[in-house]
>>> print(open('start-v7.tsv').read())   # TSV, C-alpha atoms
chain	number	residue	atom	x	y	z
A	1	MET	CA	0.00	0.00	0.00
A	2	SER	CA	1.57	3.28	-1.10
A	3	ASP	CA	-0.11	5.43	1.60
A	4	SER	CA	1.78	3.96	4.60
A	5	PRO	CA	5.00	2.29	3.47
A	6	LYS	CA	6.33	1.42	6.94
A	7	GLN	CA	3.03	-0.06	8.04
A	8	HIS	CA	2.74	-2.65	5.32
A	9	LEU	CA	6.19	-4.10	6.03
A	10	PHE	CA	5.08	-5.29	9.47
A	11	TYR	CA	2.06	-7.13	8.07
A	12	HIS	CA	4.00	-8.62	5.17
A	13	GLU	CA	6.75	-9.93	7.43
A	14	LEU	CA	4.27	-11.25	9.98
A	15	LEU	CA	2.31	-13.16	7.36
A	16	THR	CA	5.43	-14.52	5.66
A	17	GLN	CA	7.21	-15.62	8.83
A	18	ALA	CA	4.08	-17.06	10.43
A	19	ILE	CA	3.42	-19.29	7.40
A	20	LYS	CA	7.06	-20.37	7.29
A	21	GLU	CA	6.98	-21.32	10.97
A	22	ILE	CA	4.27	-23.91	10.36
A	23	GLY	CA	6.25	-25.51	7.55
A	24	HIS	CA	4.89	-23.88	4.41
A	25	THR	CA	6.63	-21.76	1.78
A	26	PRO	CA	4.58	-18.62	1.17
A	27	ILE	CA	4.56	-16.90	-2.20
A	28	LEU	CA	3.21	-13.39	-1.67
A	29	LYS	CA	2.45	-11.16	-4.63
A	30	VAL	CA	2.36	-7.62	-3.29
A	31	HIS	CA	0.34	-4.95	-5.09
A	32	ASP	CA	0.93	-1.23	-4.55
A	33	ILE	CA	-2.66	0.03	-4.29
A	34	PRO	CA	-3.97	3.36	-2.93
A	35	GLN	CA	-5.92	2.77	0.28
A	36	LEU	CA	-9.20	4.02	-1.18
A	37	ARG	CA	-9.17	1.16	-3.73
A	38	ILE	CA	-8.16	-1.67	-1.44
A	39	LYS	CA	-11.61	-2.65	-0.16
A	40	ARG	CA	-12.96	-2.54	-3.71
A	41	TYR	CA	-10.23	-4.94	-4.83
A	42	LEU	CA	-10.96	-7.20	-1.86
A	43	ASP	CA	-14.67	-7.10	-2.74
A	44	LEU	CA	-13.89	-8.25	-6.27
A	45	GLY	CA	-11.31	-10.86	-5.27
A	46	THR	CA	-8.63	-9.01	-7.22
A	47	ILE	CA	-6.55	-9.34	-4.05
A	48	SER	CA	-6.75	-12.25	-1.62
A	49	ILE	CA	-5.90	-10.72	1.74
A	50	TYR	CA	-5.57	-7.39	3.49
A	51	TRP	CA	-5.40	-6.09	7.06
A	52	MET	CA	-8.11	-3.79	8.42
A	53	LEU	CA	-9.50	-2.68	11.74
A	54	GLU	CA	-12.06	-5.23	12.89
A	55	THR	CA	-15.73	-4.27	12.53
A	56	THR	CA	-18.96	-6.25	12.49
A	57	GLU	CA	-19.58	-5.20	8.88
A	58	ARG	CA	-16.18	-6.42	7.74
A	59	ASN	CA	-16.55	-9.67	9.65
A	60	GLN	CA	-19.71	-10.31	7.63
A	61	HIS	CA	-18.52	-9.03	4.27
A	62	TYR	CA	-15.12	-10.74	4.21
A	63	ILE	CA	-13.54	-13.78	5.88
A	64	PRO	CA	-11.84	-12.67	9.10
A	65	ILE	CA	-8.78	-14.37	10.54
A	66	GLU	CA	-9.64	-14.10	14.22
A	67	VAL	CA	-6.22	-13.19	15.60
A	68	ASP	CA	-5.39	-9.64	16.74
A	69	LEU	CA	-2.29	-8.41	14.94
A	70	THR	CA	-0.84	-5.50	16.94
A	71	ASN	CA	-1.70	-6.28	20.58
A	72	GLY	CA	-4.17	-3.40	20.48
A	73	LEU	CA	-1.64	-0.75	19.47
A	74	ILE	CA	-3.90	0.69	16.78
A	75	GLY	CA	-6.55	1.27	19.45
A	76	ASN	CA	-4.07	3.42	21.37
A	77	ARG	CA	-4.55	6.87	19.85
A	78	ILE	CA	-2.33	9.92	20.29
A	79	LEU	CA	-3.18	13.36	18.95
A	80	LEU	CA	-1.33	15.12	16.19
A	81	ILE	CA	-1.75	18.87	16.76
A	82	LYS	CA	-0.49	22.17	15.39
A	83	LYS	CA	2.79	23.39	16.78
A	84	GLY	CA	2.32	25.76	19.68
A	85	GLU	CA	-1.08	24.41	20.74
A	86	GLN	CA	0.09	22.05	23.49
A	87	PRO	CA	-1.17	24.43	26.26
A	88	LEU	CA	-4.75	23.75	25.11
A	89	TYR	CA	-4.37	20.15	26.28
A	90	ASP	CA	-2.24	20.54	29.40
A	91	LYS	CA	-5.14	20.69	31.88
A	92	VAL	CA	-6.96	17.65	30.51
A	93	LYS	CA	-7.14	14.83	33.08
A	94	ASN	CA	-10.12	12.80	31.83
A	95	LEU	CA	-12.66	12.41	29.02
A	96	ALA	CA	-14.97	15.12	30.42
A	97	ASP	CA	-12.13	17.63	30.44
A	98	PHE	CA	-11.27	16.83	26.85
A	99	ARG	CA	-14.91	16.98	25.75
A	100	ASP	CA	-15.26	20.41	27.35
A	101	LEU	CA	-12.54	21.79	25.07
A	102	GLY	CA	-14.93	21.40	22.13
A	103	LEU	CA	-12.08	20.65	19.73
A	104	VAL	CA	-12.84	18.95	16.42
A	105	GLY	CA	-11.01	15.80	15.34
A	106	GLY	CA	-10.27	14.95	11.72
A	107	MET	CA	-11.42	11.55	10.37
A	108	GLY	CA	-11.60	9.76	7.07
A	109	VAL	CA	-15.12	9.13	5.81
A	110	ARG	CA	-16.79	6.11	7.46
A	111	TRP	CA	-13.76	5.40	9.65
A	112	PHE	CA	-14.42	3.36	12.77
A	113	ASP	CA	-12.84	6.20	14.76
A	114	ALA	CA	-15.76	8.42	13.75
A	115	LYS	CA	-18.21	5.99	15.38
A	116	VAL	CA	-16.08	5.89	18.52
A	117	TRP	CA	-15.84	9.68	18.69
A	118	GLN	CA	-19.60	9.99	18.17
A	119	ILE	CA	-20.55	7.55	20.95
A	120	ASN	CA	-18.21	9.41	23.31
A	121	GLY	CA	-19.70	12.82	22.52
A	122	LEU	CA	-16.60	14.20	20.81
A	123	PRO	CA	-16.89	16.54	17.81
A	124	TYR	CA	-15.31	15.36	14.55
A	125	HIS	CA	-15.23	16.10	10.84
A	126	GLU	CA	-15.22	13.33	8.23
A	127	HIS	CA	-13.18	14.14	5.14
A	128	GLU	CA	-14.22	12.74	1.75
A	129	GLY	CA	-11.41	11.64	-0.54
A	130	ASN	CA	-7.81	10.80	0.22
A	131	TRP	CA	-7.40	10.65	4.00
A	132	GLU	CA	-3.87	12.09	3.81
A	133	ALA	CA	-5.42	15.48	3.00
A	134	ILE	CA	-6.40	15.62	6.69
A	135	PHE	CA	-2.79	16.41	7.61
A	136	LYS	CA	-2.83	19.48	5.36
A	137	MET	CA	-6.25	20.52	6.68
A	138	LEU	CA	-4.80	20.44	10.18
A	139	VAL	CA	-1.75	22.46	9.16
A	140	ARG	CA	-3.98	25.11	7.56
A	141	GLY	CA	-6.56	25.14	10.33
A	142	ARG	CA	-9.39	24.15	8.02
A	143	GLY	CA	-12.16	22.89	10.26
A	144	ILE	CA	-10.18	20.50	12.47
A	145	ASP	CA	-8.04	20.91	15.57
A	146	TYR	CA	-6.29	17.53	15.82
A	147	PHE	CA	-5.84	14.18	14.11
A	148	ALA	CA	-5.92	11.07	16.35
A	149	ARG	CA	-3.41	8.50	15.13
A	150	GLY	CA	-2.30	5.05	16.22
A	151	ILE	CA	0.75	4.86	18.43
A	152	ASN	CA	2.36	2.78	15.69
A	153	GLU	CA	1.67	5.45	13.04
A	154	ILE	CA	2.23	8.89	14.48
A	155	THR	CA	6.03	9.09	14.77
A	156	LEU	CA	6.59	8.50	11.07
A	157	GLU	CA	3.74	10.80	10.11
A	158	VAL	CA	4.82	13.81	12.19
A	159	SER	CA	8.24	13.71	10.53
A	160	ARG	CA	6.56	14.64	7.23
A	161	TYR	CA	4.84	17.75	8.59
A	162	PRO	CA	7.15	20.15	10.44
A	163	GLU	CA	4.19	22.44	11.23
A	164	LEU	CA	2.67	19.72	13.43
A	165	GLN	CA	3.67	18.14	16.73
A	166	ILE	CA	2.69	15.16	18.87
A	167	GLU	CA	0.52	16.03	21.86
A	168	GLN	CA	2.60	15.20	24.94
A	169	ASN	CA	0.28	13.94	27.67
A	170	LEU	CA	-2.81	12.06	26.52
A	171	LEU	CA	-3.50	8.51	25.31
A	172	PHE	CA	-6.97	7.60	24.05
A	173	ILE	CA	-7.70	3.88	24.24
A	174	TYR	CA	-10.45	1.74	22.76
A	175	ASP	CA	-10.59	-2.04	22.56
A	176	ARG	CA	-10.01	-2.83	18.93
A	177	ASP	CA	-7.25	-4.20	16.69
A	178	PHE	CA	-6.35	-5.02	13.13
A	179	ARG	CA	-7.09	-8.42	11.63
A	180	PHE	CA	-6.38	-10.02	8.29
A	181	TYR	CA	-9.40	-10.33	6.01
A	182	LEU	CA	-9.75	-12.69	3.04
A	183	SER	CA	-11.82	-12.12	-0.08
A	184	LYS	CA	-14.71	-14.55	-0.60
A	185	THR	CA	-14.95	-14.65	-4.40
A	186	GLY	CA	-13.08	-13.61	-7.54
A	187	THR	CA	-9.98	-14.64	-9.44
A	188	ASN	CA	-7.75	-14.40	-6.37
A	189	ALA	CA	-10.28	-15.31	-3.69
A	190	GLY	CA	-8.52	-15.83	-0.38
A	191	GLU	CA	-11.03	-18.22	1.16
A	192	LYS	CA	-8.94	-21.30	0.35
A	193	TYR	CA	-6.10	-19.98	2.53
A	194	LYS	CA	-8.20	-19.54	5.66
A	195	ASN	CA	-7.16	-22.67	7.54
A	196	VAL	CA	-3.45	-22.29	6.88
A	197	ILE	CA	-3.37	-18.59	7.77
A	198	SER	CA	-5.50	-19.06	10.88
A	199	LEU	CA	-3.17	-21.77	12.16
A	200	ALA	CA	-0.08	-19.74	11.28
A	201	LEU	CA	-1.25	-16.63	13.12
A	202	LYS	CA	-2.40	-18.52	16.20
A	203	LYS	CA	1.06	-20.08	16.37
A	204	ALA	CA	2.63	-16.65	15.82
A	205	LYS	CA	0.74	-15.35	18.83
A	206	GLU	CA	1.76	-18.32	20.98
A	207	SER	CA	5.41	-18.33	19.90
A	208	GLY	CA	5.93	-14.63	20.53
A	209	LEU	CA	6.51	-13.83	16.85
A	210	ILE	CA	3.91	-11.05	16.93
A	211	ASP	CA	5.49	-9.55	20.06
A	212	ARG	CA	8.96	-9.66	18.49
A	213	LEU	CA	7.83	-7.96	15.29
A	214	ILE	CA	5.99	-5.26	17.22
A	215	ARG	CA	9.21	-4.52	19.10
A	216	LYS	CA	11.17	-4.55	15.83
A	217	TYR	CA	8.93	-2.11	14.01
A	218	TRP	CA	7.50	0.06	16.78
A	219	GLY	CA	9.40	-0.55	20.00
A	220	SER	CA	11.40	2.68	19.72
A	221	ASP	CA	8.23	4.64	18.89
A	222	ILE	CA	6.41	3.28	21.96
A	223	GLU	CA	9.34	4.28	24.15
A	224	SER	CA	9.84	7.74	22.63
A	225	LEU	CA	6.13	8.53	22.97
A	226	ASN	CA	6.28	7.88	26.73
A	227	HIS	CA	3.38	5.44	26.38
A	228	ALA	CA	3.38	4.15	29.95
A	229	LYS	CA	3.25	7.58	31.61
A	230	ARG	CA	0.55	9.22	29.52
A	231	ILE	CA	-2.89	10.02	30.95
A	232	LYS	CA	-5.06	7.16	29.74
A	233	ILE	CA	-8.55	8.09	28.56
A	234	TYR	CA	-10.69	5.02	27.84
A	235	LEU	CA	-13.31	5.38	25.13
A	236	SER	CA	-16.59	3.47	24.86
A	237	LEU	CA	-17.35	1.48	21.71
A	238	PRO	CA	-20.57	1.75	19.70
A	239	SER	CA	-23.05	-1.08	20.28
A	240	GLU	CA	-23.04	-1.88	16.55
A	241	GLN	CA	-19.36	-2.32	15.90
>>> encode(input="start-v7.tsv", output="C-alpha cells")
Amino acid sequence: MSDSPKQHLFYHELLTQAIKEIGHTPILKVHDIPQLRIKRYLDLGTISIYWMLETTERNQHYIPIEVDLTNGLIGNRILLIKKGEQPLYDKVKNLADFRDLGLVGGMGVRWFDAKVWQINGLPYHEHEGNWEAIFKMLVRGRGIDYFARGINEITLEVSRYPELQIEQNLLFIYDRDFRFYLSKTGTNAGEKYKNVISLALKKAKESGLIDRLIRKYWGSDIESLNHAKRIKIYLSLPSEQ
C-alpha cells in the first residue's frame, strides 16, 4: 500500500514468517494500491488478503482471521496537533475535560474512529477523498483541531509535517485491533487460505513472533512517545461495531 510504506512491512513480514513457521513456503504477490481502492479490490477478489480494523460489517462481508495483529496498538490513539497548541491540552485529566474543550477531530469518511468519537460525545469532521489530505487541513486550520493517530503510526507521520507536533500527555484507548481479512470470491479469492493462515497466526501469537515484530517495528516509537506515563482516557465502543 503506497499510503503507509512502513506499516505494510510489518504485516507482510508477519504473514510470511508465520506461514514459514508452520512448515509452508509462502509466495506473496504484493500490489501497490492506494488505500481508497483496497476494499474494492478485496470485494472483487482481485486481491486475496488485506489487514483492516475489525468491525462487524467487515466480519460479515469478508472472511476474518480471528487473531489480533498489533496487541491493540492501533486502538491506542495519540493526537497530532499544530505546533504551539500544546497548552490547550495541558489541563486535561479525563474524558470530560477533553470533551469540554470542544475541539474537532479529523477523520476519514466512514472510519471506525468516527463511530467511537460519536458515541463518546466528541466533535469530529469526516473528510471525503484521500485521507492524507487531513494532515494538510490540520496544518492550515481548516475545520479540524487535531488528528488522532495510532501509536504505531504517528512518529513516522509527524516527521513529514514540520508544522505539526505530537501532543505530549494524553492517550486515548479503545478495545479494537487489526485483523487479516480474506476475499470470498473472484480470481484471487482468499477463502482457500483460511485454515493455513488461521493456524499460522495462532502459532505466531503463541510463539511470541507477533510480540517480536511489534518490538522490531514500533518498540522505539512506543518508548519515545512515553506510552506508559501518559494520561489514559478510555473510550466506549458503539453497540453496533
>>> residues_around(input="start-v7.tsv", residues="stretch 186-192 of chain A", least_positions_apart="2", cutoff="12 Å", atoms="all atoms listed in the file", output="list in words")
Leu28, Lys29, Arg40, Tyr41, Leu42, Asp43, Leu44, Gly45, Thr46, Ile47, Ser48, Ile49, Tyr50, Tyr62, Ile63, Pro64, Ile65, Phe180, Tyr181, Leu182, Ser183, Lys184, Lys194, Asn195, Val196, Ile197 and Ser198 of chain A
>>> residues_around(input="start-v7.tsv", residues="A:Leu199", least_positions_apart="6", cutoff="10 Å", atoms="all atoms listed in the file", output="list in words")
Ala18, Ile19, Ile22, Ile65 and Val67 of chain A
>>> closest_atom_pairs(input="start-v7.tsv", of="stretch 122-157 of chain A", to="stretch 72-76 of chain A", cutoff="12 Å", atoms="only C-alpha atoms", output="CSV")
residue,atom,partner,partner_atom,distance
A:Ala148,CA,A:Asn76,CA,9.3
A:Arg149,CA,A:Ile74,CA,8.0
A:Gly150,CA,A:Ile74,CA,4.7
A:Ile151,CA,A:Asn76,CA,5.8
A:Asn152,CA,A:Leu73,CA,6.5
A:Glu153,CA,A:Ile74,CA,8.2
A:Ile154,CA,A:Ile74,CA,10.5
>>> write_last_selection(input="start-v7.tsv", atoms="C-alpha atoms", output="CSV table (one decimal), keeping the file's coordinate frame")
chain,number,residue,atom,x,y,z
A,148,ALA,CA,-5.9,11.1,16.4
A,149,ARG,CA,-3.4,8.5,15.1
A,150,GLY,CA,-2.3,5.0,16.2
A,151,ILE,CA,0.8,4.9,18.4
A,152,ASN,CA,2.4,2.8,15.7
A,153,GLU,CA,1.7,5.4,13.0
A,154,ILE,CA,2.2,8.9,14.5
>>> residues_around(input="start-v7.tsv", residues="stretch 215-224 of chain A", least_positions_apart="2", cutoff="10 Å", atoms="all atoms listed in the file", output="PyMOL selection string")
chain A and resi 6-7+9-10+73+151-156+209-213+226-228
>>> residues_near_point(input="start-v7.tsv", point="(-2.2, 19.0, 8.7)", cutoff="12 Å", atoms="all atoms listed in the file", output="ChimeraX atom specification")
/A:79-83,105-107,131-148,157-166
>>> residues_near_point(input="start-v7.tsv", point="(-15.0, 18.0, 24.1)", cutoff="10 Å", atoms="all atoms listed in the file", output="PyMOL selection string")
chain A and resi 95-105+117+120-124
>>> atom_distance(input="start-v7.tsv", atom1="atom CA of A:Arg110", atom2="atom CA of A:Tyr174")
17.1 Å
>>> build_atoms(input="start-v7.tsv", residues="stretch 84-101 of chain A", atoms="N, CA, C and O atoms", output="PDB file, in the frame of the given file")
ATOM      1  N   GLY A  84       2.667  24.632  18.835  1.00  0.00           N
ATOM      2  CA  GLY A  84       2.320  25.760  19.680  1.00  0.00           C
ATOM      3  C   GLY A  84       1.001  25.619  20.406  1.00  0.00           C
ATOM      4  O   GLY A  84       0.676  26.467  21.242  1.00  0.00           O
ATOM      5  N   GLU A  85       0.235  24.550  20.118  1.00  0.00           N
ATOM      6  CA  GLU A  85      -1.080  24.410  20.740  1.00  0.00           C
ATOM      7  C   GLU A  85      -1.116  23.425  21.902  1.00  0.00           C
ATOM      8  O   GLU A  85      -2.182  23.124  22.423  1.00  0.00           O
ATOM      9  N   GLN A  86       0.044  22.964  22.354  1.00  0.00           N
ATOM     10  CA  GLN A  86       0.090  22.050  23.490  1.00  0.00           C
ATOM     11  C   GLN A  86      -0.612  22.611  24.729  1.00  0.00           C
ATOM     12  O   GLN A  86      -1.311  21.864  25.434  1.00  0.00           O
ATOM     13  N   PRO A  87      -0.496  23.923  25.047  1.00  0.00           N
ATOM     14  CA  PRO A  87      -1.170  24.430  26.260  1.00  0.00           C
ATOM     15  C   PRO A  87      -2.669  24.189  26.286  1.00  0.00           C
ATOM     16  O   PRO A  87      -3.248  24.106  27.383  1.00  0.00           O
ATOM     17  N   LEU A  88      -3.316  24.045  25.135  1.00  0.00           N
ATOM     18  CA  LEU A  88      -4.750  23.750  25.110  1.00  0.00           C
ATOM     19  C   LEU A  88      -5.074  22.436  25.815  1.00  0.00           C
ATOM     20  O   LEU A  88      -6.156  22.272  26.373  1.00  0.00           O
ATOM     21  N   TYR A  89      -4.126  21.510  25.802  1.00  0.00           N
ATOM     22  CA  TYR A  89      -4.370  20.150  26.280  1.00  0.00           C
ATOM     23  C   TYR A  89      -3.786  19.889  27.674  1.00  0.00           C
ATOM     24  O   TYR A  89      -4.050  18.838  28.258  1.00  0.00           O
ATOM     25  N   ASP A  90      -3.008  20.818  28.187  1.00  0.00           N
ATOM     26  CA  ASP A  90      -2.240  20.540  29.400  1.00  0.00           C
ATOM     27  C   ASP A  90      -3.083  20.316  30.651  1.00  0.00           C
ATOM     28  O   ASP A  90      -2.632  19.647  31.582  1.00  0.00           O
ATOM     29  N   LYS A  91      -4.303  20.853  30.691  1.00  0.00           N
ATOM     30  CA  LYS A  91      -5.140  20.690  31.880  1.00  0.00           C
ATOM     31  C   LYS A  91      -6.108  19.517  31.782  1.00  0.00           C
ATOM     32  O   LYS A  91      -6.895  19.282  32.707  1.00  0.00           O
ATOM     33  N   VAL A  92      -6.045  18.774  30.700  1.00  0.00           N
ATOM     34  CA  VAL A  92      -6.960  17.650  30.510  1.00  0.00           C
ATOM     35  C   VAL A  92      -6.516  16.467  31.378  1.00  0.00           C
ATOM     36  O   VAL A  92      -5.376  16.008  31.283  1.00  0.00           O
ATOM     37  N   LYS A  93      -7.434  15.973  32.210  1.00  0.00           N
ATOM     38  CA  LYS A  93      -7.140  14.830  33.080  1.00  0.00           C
ATOM     39  C   LYS A  93      -8.061  13.648  32.817  1.00  0.00           C
ATOM     40  O   LYS A  93      -7.806  12.540  33.287  1.00  0.00           O
ATOM     41  N   ASN A  94      -9.157  13.872  32.068  1.00  0.00           N
ATOM     42  CA  ASN A  94     -10.120  12.800  31.830  1.00  0.00           C
ATOM     43  C   ASN A  94     -10.943  13.134  30.578  1.00  0.00           C
ATOM     44  O   ASN A  94     -10.755  14.190  29.959  1.00  0.00           O
ATOM     45  N   LEU A  95     -11.860  12.235  30.230  1.00  0.00           N
ATOM     46  CA  LEU A  95     -12.660  12.410  29.020  1.00  0.00           C
ATOM     47  C   LEU A  95     -13.527  13.663  29.098  1.00  0.00           C
ATOM     48  O   LEU A  95     -13.659  14.398  28.115  1.00  0.00           O
ATOM     49  N   ALA A  96     -14.111  13.937  30.270  1.00  0.00           N
ATOM     50  CA  ALA A  96     -14.970  15.120  30.420  1.00  0.00           C
ATOM     51  C   ALA A  96     -14.182  16.400  30.158  1.00  0.00           C
ATOM     52  O   ALA A  96     -14.674  17.324  29.495  1.00  0.00           O
ATOM     53  N   ASP A  97     -12.974  16.463  30.683  1.00  0.00           N
ATOM     54  CA  ASP A  97     -12.130  17.630  30.440  1.00  0.00           C
ATOM     55  C   ASP A  97     -11.881  17.829  28.948  1.00  0.00           C
ATOM     56  O   ASP A  97     -11.952  18.952  28.431  1.00  0.00           O
ATOM     57  N   PHE A  98     -11.573  16.734  28.281  1.00  0.00           N
ATOM     58  CA  PHE A  98     -11.270  16.830  26.850  1.00  0.00           C
ATOM     59  C   PHE A  98     -12.522  17.218  26.054  1.00  0.00           C
ATOM     60  O   PHE A  98     -12.470  18.065  25.161  1.00  0.00           O
ATOM     61  N   ARG A  99     -13.651  16.645  26.426  1.00  0.00           N
ATOM     62  CA  ARG A  99     -14.910  16.980  25.750  1.00  0.00           C
ATOM     63  C   ARG A  99     -15.231  18.461  25.907  1.00  0.00           C
ATOM     64  O   ARG A  99     -15.724  19.108  24.978  1.00  0.00           O
ATOM     65  N   ASP A 100     -14.950  19.006  27.078  1.00  0.00           N
ATOM     66  CA  ASP A 100     -15.260  20.410  27.350  1.00  0.00           C
ATOM     67  C   ASP A 100     -14.453  21.369  26.477  1.00  0.00           C
ATOM     68  O   ASP A 100     -14.867  22.526  26.289  1.00  0.00           O
ATOM     69  N   LEU A 101     -13.331  20.921  25.942  1.00  0.00           N
ATOM     70  CA  LEU A 101     -12.540  21.790  25.070  1.00  0.00           C
ATOM     71  C   LEU A 101     -13.289  22.100  23.775  1.00  0.00           C
ATOM     72  O   LEU A 101     -13.049  23.138  23.145  1.00  0.00           O
TER      73      LEU A 101
END
